[in-house]
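Pasted below: input.pdb, PDB, C-alpha atoms.
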ATOM      1  CA  MET A 497     139.659 106.998  12.872
ATOM      2  CA  ARG A 498     138.476 104.248  15.105
ATOM      3  CA  LEU A 499     134.854 104.062  16.168
ATOM      4  CA  THR A 500     133.726 103.380  19.704
ATOM      5  CA  PRO A 501     131.275 100.487  20.180
ATOM      6  CA  LEU A 502     128.429 103.017  20.549
ATOM      7  CA  GLU A 503     129.449 104.857  17.353
ATOM      8  CA  THR A 504     129.580 101.492  15.567
ATOM      9  CA  ARG A 505     126.084 100.593  16.810
ATOM     10  CA  ILE A 506     124.633 103.970  15.790
ATOM     11  CA  THR A 507     126.308 103.639  12.379
ATOM     12  CA  GLU A 508     124.703 100.219  11.920
ATOM     13  CA  ILE A 509     121.301 101.665  12.843
ATOM     14  CA  THR A 510     121.445 104.889  10.823
ATOM     15  CA  ASN A 511     123.383 104.049   7.636
ATOM     16  CA  PRO A 512     120.527 102.073   6.003
ATOM     17  CA  VAL A 513     118.102 104.935   6.736
ATOM     18  CA  ILE A 514     120.431 107.526   5.220
ATOM     19  CA  GLU A 515     121.077 105.331   2.176
ATOM     20  CA  ASP A 516     117.327 104.763   1.662
ATOM     21  CA  LEU A 517     116.945 108.543   1.427
ATOM     22  CA  GLY A 518     119.502 108.596  -1.411
ATOM     23  CA  PHE A 519     122.429 109.992   0.560
ATOM     24  CA  VAL A 520     125.845 108.579   1.380
ATOM     25  CA  PRO A 521     126.587 108.158   5.108
ATOM     26  CA  PHE A 522     129.986 109.606   5.930
ATOM     27  CA  ALA A 523     130.596 109.366   9.675
ATOM     28  CA  VAL A 524     129.062 109.112  13.124
ATOM     29  CA  ARG A 525     130.812 110.785  16.033
ATOM     30  CA  MET A 526     129.826 110.954  19.690
ATOM     31  CA  THR A 527     130.759 114.025  21.705
ATOM     32  CA  SER A 528     129.234 115.729  24.714
ATOM     33  CA  ASP A 529     128.822 119.089  26.322
ATOM     34  CA  ALA A 530     128.091 119.937  29.949
ATOM     35  CA  GLU A 531     124.431 118.963  29.572
ATOM     36  CA  GLN A 532     124.174 115.937  27.303
ATOM     37  CA  GLN A 533     125.664 113.591  24.757
ATOM     38  CA  ILE A 534     125.755 114.729  21.127
ATOM     39  CA  VAL A 535     125.353 112.395  18.160
ATOM     40  CA  GLN A 536     126.958 113.963  15.099
ATOM     41  CA  ILE A 537     126.013 112.362  11.799
ATOM     42  CA  MET A 538     127.713 113.453   8.603
ATOM     43  CA  ALA A 539     126.366 112.509   5.186
ATOM     44  CA  GLU A 540     126.489 113.812   1.651
ATOM     45  CA  ASP A 541     124.636 113.855  -1.624
ATOM     46  CA  PRO A 542     126.566 111.486  -3.919
ATOM     47  CA  ALA A 543     126.227 113.890  -6.857
ATOM     48  CA  THR A 544     127.541 117.016  -5.123
ATOM     49  CA  GLN A 545     129.398 115.711  -2.045
ATOM     50  CA  ARG A 546     127.462 118.317  -0.066
ATOM     51  CA  LEU A 547     124.330 118.411   2.062
ATOM     52  CA  GLY A 548     121.769 121.225   2.110
ATOM     53  CA  VAL A 549     119.755 122.385   5.105
ATOM     54  CA  ASP A 550     116.586 120.685   3.818
ATOM     55  CA  ASP A 551     118.562 117.458   3.328
ATOM     56  CA  CYS A 552     119.869 117.679   6.908
ATOM     57  CA  ALA A 553     116.322 118.096   8.198
ATOM     58  CA  LYS A 554     115.082 115.125   6.137
ATOM     59  CA  ILE A 555     117.879 112.899   7.452
ATOM     60  CA  SER A 556     117.400 114.149  11.011
ATOM     61  CA  ARG A 557     113.675 113.276  11.014
ATOM     62  CA  ALA A 558     114.260 109.788   9.581
ATOM     63  CA  VAL A 559     117.225 109.018  11.853
ATOM     64  CA  SER A 560     115.391 110.309  14.940
ATOM     65  CA  ALA A 561     112.552 107.864  14.291
ATOM     66  CA  VAL A 562     114.854 104.843  14.054
ATOM     67  CA  MET A 563     116.938 106.000  17.034
ATOM     68  CA  ASP A 564     113.748 106.252  19.127
ATOM     69  CA  VAL A 565     112.848 102.655  18.223
ATOM     70  CA  GLU A 566     116.343 101.154  18.629
ATOM     71  CA  ASP A 567     117.216 103.334  21.662
ATOM     72  CA  PRO A 568     121.020 102.806  21.621
ATOM     73  CA  ILE A 569     121.767 105.697  24.000
ATOM     74  CA  SER A 570     120.722 105.790  27.628
ATOM     75  CA  GLY A 571     119.606 109.251  28.657
ATOM     76  CA  ASN A 572     119.149 112.435  26.681
ATOM     77  CA  TYR A 573     121.159 113.257  23.592
ATOM     78  CA  ARG A 574     121.176 115.867  20.853
ATOM     79  CA  LEU A 575     121.251 114.817  17.199
ATOM     80  CA  GLU A 576     123.246 116.958  14.765
ATOM     81  CA  VAL A 577     123.255 116.221  11.025
ATOM     82  CA  SER A 578     125.671 117.961   8.673
ATOM     83  CA  SER A 579     127.854 117.691   5.616
ATOM     84  CA  PRO A 580     131.439 116.549   6.184
ATOM     85  CA  GLY A 581     132.558 119.859   4.626
ATOM     86  CA  ILE A 582     135.303 120.634   2.153
ATOM     87  CA  ASP A 583     138.147 120.124   4.650
ATOM     88  CA  ARG A 584     136.662 116.817   5.710
ATOM     89  CA  LEU A 585     137.945 113.953   7.775
ATOM     90  CA  LEU A 586     139.407 111.052   5.824
ATOM     91  CA  LEU A 587     138.065 107.820   7.261
ATOM     92  CA  THR A 588     138.569 105.125   4.627
ATOM     93  CA  MET A 589     141.196 104.156   2.077
ATOM     94  CA  GLU A 590     138.690 105.220  -0.579
ATOM     95  CA  HIS A 591     138.651 108.723   0.911
ATOM     96  CA  TYR A 592     142.436 108.939   0.632
ATOM     97  CA  ALA A 593     142.338 107.659  -2.954
ATOM     98  CA  ARG A 594     139.661 110.228  -3.882
ATOM     99  CA  TYR A 595     141.870 113.071  -2.643
ATOM    100  CA  ILE A 596     145.259 112.096  -4.105
ATOM    101  CA  GLY A 597     147.138 115.306  -4.858
ATOM    102  CA  HIS A 598     145.606 117.259  -1.971
ATOM    103  CA  ASP A 599     147.110 118.400   1.341
ATOM    104  CA  VAL A 600     146.271 116.423   4.459
ATOM    105  CA  LYS A 601     147.165 116.307   8.145
ATOM    106  CA  VAL A 602     147.567 112.802   9.546
ATOM    107  CA  GLU A 603     148.110 111.610  13.104
ATOM    108  CA  SER A 604     149.334 108.061  13.707
ATOM    109  CA  ASP A 605     149.335 106.027  16.892
ATOM    110  CA  THR A 606     152.623 104.401  15.849
ATOM    111  CA  PRO A 607     155.648 106.667  15.464
ATOM    112  CA  ALA A 608     157.790 106.541  12.360
ATOM    113  CA  GLU A 609     161.468 105.583  12.697
ATOM    114  CA  ASN A 610     162.301 109.216  13.517
ATOM    115  CA  GLY A 611     159.618 109.290  16.247
ATOM    116  CA  GLN A 612     157.213 111.423  14.230
ATOM    117  CA  ARG A 613     153.500 110.812  14.790
ATOM    118  CA  LYS A 614     152.002 113.868  13.070
ATOM    119  CA  PHE A 615     152.419 114.453   9.357
ATOM    120  CA  ARG A 616     151.376 117.092   6.874
ATOM    121  CA  GLY A 617     151.787 116.556   3.190
ATOM    122  CA  VAL A 618     150.237 115.858  -0.169
ATOM    123  CA  ILE A 619     148.590 112.474  -0.657
ATOM    124  CA  LYS A 620     150.728 110.641  -3.208
ATOM    125  CA  SER A 621     148.999 107.261  -3.080
ATOM    126  CA  ALA A 622     146.602 105.121  -1.111
ATOM    127  CA  ALA A 623     147.001 101.435  -1.822
ATOM    128  CA  ASN A 624     147.680  98.129  -0.090
ATOM    129  CA  ASN A 625     146.560  99.577   3.266
ATOM    130  CA  VAL A 626     149.292 102.256   3.163
ATOM    131  CA  VAL A 627     148.849 106.005   2.713
ATOM    132  CA  THR A 628     151.894 107.673   1.152
ATOM    133  CA  LEU A 629     152.468 111.397   1.621
ATOM    134  CA  ASP A 630     154.949 113.811   0.093
ATOM    135  CA  THR A 631     156.056 115.922   3.066
ATOM    136  CA  ASP A 632     158.588 118.718   3.533
ATOM    137  CA  THR A 633     161.019 116.129   4.896
ATOM    138  CA  GLY A 634     160.436 113.524   2.173
ATOM    139  CA  GLU A 635     158.070 110.671   1.538
ATOM    140  CA  ALA A 636     156.158 109.187   4.478
ATOM    141  CA  GLU A 637     154.437 105.812   4.283
ATOM    142  CA  ILE A 638     151.786 105.473   6.965
ATOM    143  CA  PRO A 639     150.049 102.135   7.512
ATOM    144  CA  TYR A 640     146.309 102.794   7.356
ATOM    145  CA  PRO A 641     145.498 100.801  10.541
ATOM    146  CA  THR A 642     147.777 103.102  12.583
ATOM    147  CA  ILE A 643     145.994 106.312  11.566
ATOM    148  CA  LEU A 644     144.161 107.915  14.475
ATOM    149  CA  LYS A 645     142.973 111.028  12.673
ATOM    150  CA  ALA A 646     143.291 112.545   9.217
ATOM    151  CA  LYS A 647     141.772 115.665   7.740
ATOM    152  CA  LEU A 648     142.076 117.504   4.460
ATOM    153  CA  VAL A 649     143.737 120.910   4.665
ATOM    154  CA  LEU A 650     141.663 123.733   3.198
ATOM    155  CA  THR A 651     143.693 125.034   0.260
ATOM    156  CA  ASP A 652     142.931 126.995  -2.896
ATOM    157  CA  GLU A 653     143.476 123.780  -4.883
ATOM    158  CA  LEU A 654     140.918 121.886  -2.799
ATOM    159  CA  ILE A 655     138.387 124.709  -3.171
ATOM    160  CA  LYS A 656     138.960 124.810  -6.944
ATOM    161  CA  ALA A 657     138.596 121.022  -7.226
ATOM    162  CA  THR A 658     135.336 121.138  -5.283
ATOM    163  CA  ALA A 659     133.985 124.117  -7.245
ATOM    164  CA  HIS A 660     134.987 122.424 -10.521
ATOM    165  CA  LYS A 661     132.961 119.355  -9.533
ATOM    166  CA  GLU A 662     129.882 121.523  -8.907
ATOM    167  CA  GLU A 663     130.235 123.252 -12.299
ATOM    168  CA  LYS A 664     130.161 119.886 -14.073
ATOM    169  CA  GLU A 665     126.824 118.939 -12.495
TER     170      GLU A 665
END

Encoding of this model in structure tokens:
Amino acid sequence: MRLTPLETRITEITNPVIEDLGFVPFAVRMTSDAEQQIVQIMAEDPATQRLGVDDCAKISRAVSAVMDVEDPISGNYRLEVSSPGIDRLLLTMEHYARYIGHDVKVESDTPAENGQRKFRGVIKSAANNVVTLDTDTGEAEIPYPTILKAKLVLTDELIKATAHKEEKE
């Protein structure tokens, strides 16, 4: 997923704060509702790949302070801090590599030879800036720079893999 210039700026401002608290920044997204802009920050505990309510509050307080000083957004905004969740967005090649063997939905800005832009399949590999999926219609190689959006599909296997990780810790 491509970041807007404002999302990039907010990421640059907030990532060091989140990292100093011992968490891993995951993503910054800007949305809005009828009243104001919304800054969504997703992060996770590196040990559990989750984020508790107390952790969200701790990050929110620290990020709010730095956002007040840096003031990257003109006007009012609402800050939301959360975990990326089990069926998370995949934003980096490392994310794809971490979830090899799991189902994903991918949308590309460049159509494949058959005109297809949306894919669903199992991640087979993620290397050399190409994500390879096993789909119902065969193997699909999607250049990473063309990916607009990708998200894990919530499956029993994904839930088991996540639960298994928690049991180990």

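Minimum distance to Glu566 in chain A across A:Glu508, A:Asp551, A:Asp605, A:Asp516 (counting all atoms listed in the file) occurs at A:Glu508.
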
Selection near His598 in chain A, 10 Å with only C-alpha atoms, sequence-local residues under 3 positions removed, as a PyMOL selection string
chain A and resi 592+594-595+617-620+629+648-651+653-654+657

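Comparing the minimum interatomic distances between Ile534 in chain A and each of A:Ile569, A:Ile638, A:Leu586, A:Val626, counting all atoms listed in the file, we find that A:Ile569 sits nearest.
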
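Distances here use only C-alpha atoms; by that measure, the residue among A:Ile509, A:Ile582, A:Ile643, A:Ile514 closest to Lys614 in chain A is A:Ile643.
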
I need the output of the PyMOL selection byres ((chain A and resi 615) around 12) for this file as a VMD selection string; which residues are they?
chain A and resid 599 to 608 610 to 614 616 to 619 627 to 638 643 to 649

Write out as a PDB file with C-alpha atoms, in the coordinates of the input which residues come within 10 Å of Ala539 in chain A when counting only C-alpha atoms, dropping same-chain ones fewer than 6 positions away.
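Output file result_33.pdb follows:
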ATOM      1  CA  ASN A 511     123.383 104.049   7.636  1.00  0.00           C
ATOM      2  CA  ILE A 514     120.431 107.526   5.220  1.00  0.00           C
ATOM      3  CA  GLU A 515     121.077 105.331   2.176  1.00  0.00           C
ATOM      4  CA  PHE A 519     122.429 109.992   0.560  1.00  0.00           C
ATOM      5  CA  VAL A 520     125.845 108.579   1.380  1.00  0.00           C
ATOM      6  CA  PRO A 521     126.587 108.158   5.108  1.00  0.00           C
ATOM      7  CA  PHE A 522     129.986 109.606   5.930  1.00  0.00           C
ATOM      8  CA  ALA A 523     130.596 109.366   9.675  1.00  0.00           C
ATOM      9  CA  VAL A 524     129.062 109.112  13.124  1.00  0.00           C
ATOM     10  CA  GLN A 545     129.398 115.711  -2.045  1.00  0.00           C
ATOM     11  CA  ARG A 546     127.462 118.317  -0.066  1.00  0.00           C
ATOM     12  CA  LEU A 547     124.330 118.411   2.062  1.00  0.00           C
ATOM     13  CA  ASP A 551     118.562 117.458   3.328  1.00  0.00           C
ATOM     14  CA  CYS A 552     119.869 117.679   6.908  1.00  0.00           C
ATOM     15  CA  ILE A 555     117.879 112.899   7.452  1.00  0.00           C
ATOM     16  CA  VAL A 577     123.255 116.221  11.025  1.00  0.00           C
ATOM     17  CA  SER A 578     125.671 117.961   8.673  1.00  0.00           C
ATOM     18  CA  SER A 579     127.854 117.691   5.616  1.00  0.00           C
ATOM     19  CA  PRO A 580     131.439 116.549   6.184  1.00  0.00           C
ATOM     20  CA  GLY A 581     132.558 119.859   4.626  1.00  0.00           C
TER      21      GLY A 581
END

Of the listed residues A:Leu499, A:Ala593, A:Ile506, A:Ala659, that which approaches Ser621 in chain A most closely, counting all atoms listed in the file
A:Ala593

List, as an MDAnalysis selection string, every residue that the PyMOL selection byres ((chain A and resi 574) around 8) selects in the file provided.
chainID A and resid 532:535 572:573 575:576

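Residue nearest Ser570 in chain A within the list A:Met538, A:Leu502, A:Pro641, A:Asn625: A:Leu502 [criterion: smallest interatomic distance, all atoms listed in the file].
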
Would you compute, for all listed atoms of range 532-543 of chain A, the axis-aligned bounding box grown by 8 Å on each side, and then report its centre and edge lengths in Å rounded to one decimal, as lines of an AutoDock Vina configuration file?
center_x = 125.9
center_y = 113.7
center_z = 10.2
size_x = 19.5
size_y = 20.5
size_z = 50.2

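The two atoms in question, CA of Thr544 in chain A and CA of Thr658 in chain A, are spaced 8.8 Å apart.
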
Place a sphere of radius 6 Å on (141.8, 101.7, 4.7) in the file coordinates and name every protein, DNA or RNA residue with an atom inside or on its surface, counting only C-alpha atoms; give the answer as an MDAnalysis selection string.
chainID A and resid 588:589 625 640

Would you put the residues from that selection into a file with C-alpha atoms, as an mmCIF file, keeping the file's coordinate frame?
data_model
loop_
_atom_site.group_PDB
_atom_site.id
_atom_site.type_symbol
_atom_site.label_atom_id
_atom_site.label_comp_id
_atom_site.auth_asym_id
_atom_site.auth_seq_id
_atom_site.Cartn_x
_atom_site.Cartn_y
_atom_site.Cartn_z
ATOM 1 C CA THR A 588 138.569 105.125 4.627
ATOM 2 C CA MET A 589 141.196 104.156 2.077
ATOM 3 C CA ASN A 625 146.560 99.577 3.266
ATOM 4 C CA TYR A 640 146.309 102.794 7.356
#

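Interatomic distance, CA of Thr510 in chain A to CA of Ala623 in chain A: 28.7 Å.
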
Go ahead and compute the interatomic distance for CA of Ile655 in chain A and CA of Lys554 in chain A, in Å to one decimal.
26.9 Å

Please produce range 498-512 of chain A, completed to N, CA and C atoms, as a CSV table (one decimal), in the frame of the given file.
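Written out: part.csv:
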chain,number,residue,atom,x,y,z
A,498,ARG,N,139.1,105.4,14.5
A,498,ARG,CA,138.5,104.2,15.1
A,498,ARG,C,137.2,104.6,15.8
A,499,LEU,N,136.2,103.8,15.6
A,499,LEU,CA,134.9,104.1,16.2
A,499,LEU,C,134.8,103.4,17.5
A,500,THR,N,134.0,104.0,18.4
A,500,THR,CA,133.7,103.4,19.7
A,500,THR,C,132.6,102.4,19.4
A,501,PRO,N,132.4,101.4,20.4
A,501,PRO,CA,131.3,100.5,20.2
A,501,PRO,C,129.9,101.2,20.0
A,502,LEU,N,129.7,102.3,20.7
A,502,LEU,CA,128.4,103.0,20.5
A,502,LEU,C,128.3,103.7,19.2
A,503,GLU,N,129.4,104.3,18.7
A,503,GLU,CA,129.4,104.9,17.4
A,503,GLU,C,129.2,103.8,16.3
A,504,THR,N,129.8,102.6,16.5
A,504,THR,CA,129.6,101.5,15.6
A,504,THR,C,128.1,101.1,15.5
A,505,ARG,N,127.5,101.0,16.7
A,505,ARG,CA,126.1,100.6,16.8
A,505,ARG,C,125.2,101.6,16.1
A,506,ILE,N,125.4,102.9,16.4
A,506,ILE,CA,124.6,104.0,15.8
A,506,ILE,C,124.8,104.0,14.3
A,507,THR,N,126.0,103.7,13.8
A,507,THR,CA,126.3,103.6,12.4
A,507,THR,C,125.5,102.5,11.8
A,508,GLU,N,125.5,101.4,12.4
A,508,GLU,CA,124.7,100.2,11.9
A,508,GLU,C,123.2,100.5,11.9
A,509,ILE,N,122.7,101.3,12.8
A,509,ILE,CA,121.3,101.7,12.8
A,509,ILE,C,121.0,102.7,11.8
A,510,THR,N,121.8,103.7,11.6
A,510,THR,CA,121.4,104.9,10.8
A,510,THR,C,121.9,104.8,9.4
A,511,ASN,N,122.9,104.1,9.0
A,511,ASN,CA,123.4,104.0,7.6
A,511,ASN,C,122.3,103.6,6.7
A,512,PRO,N,121.6,102.5,7.0
A,512,PRO,CA,120.5,102.1,6.0
A,512,PRO,C,119.4,103.1,5.8
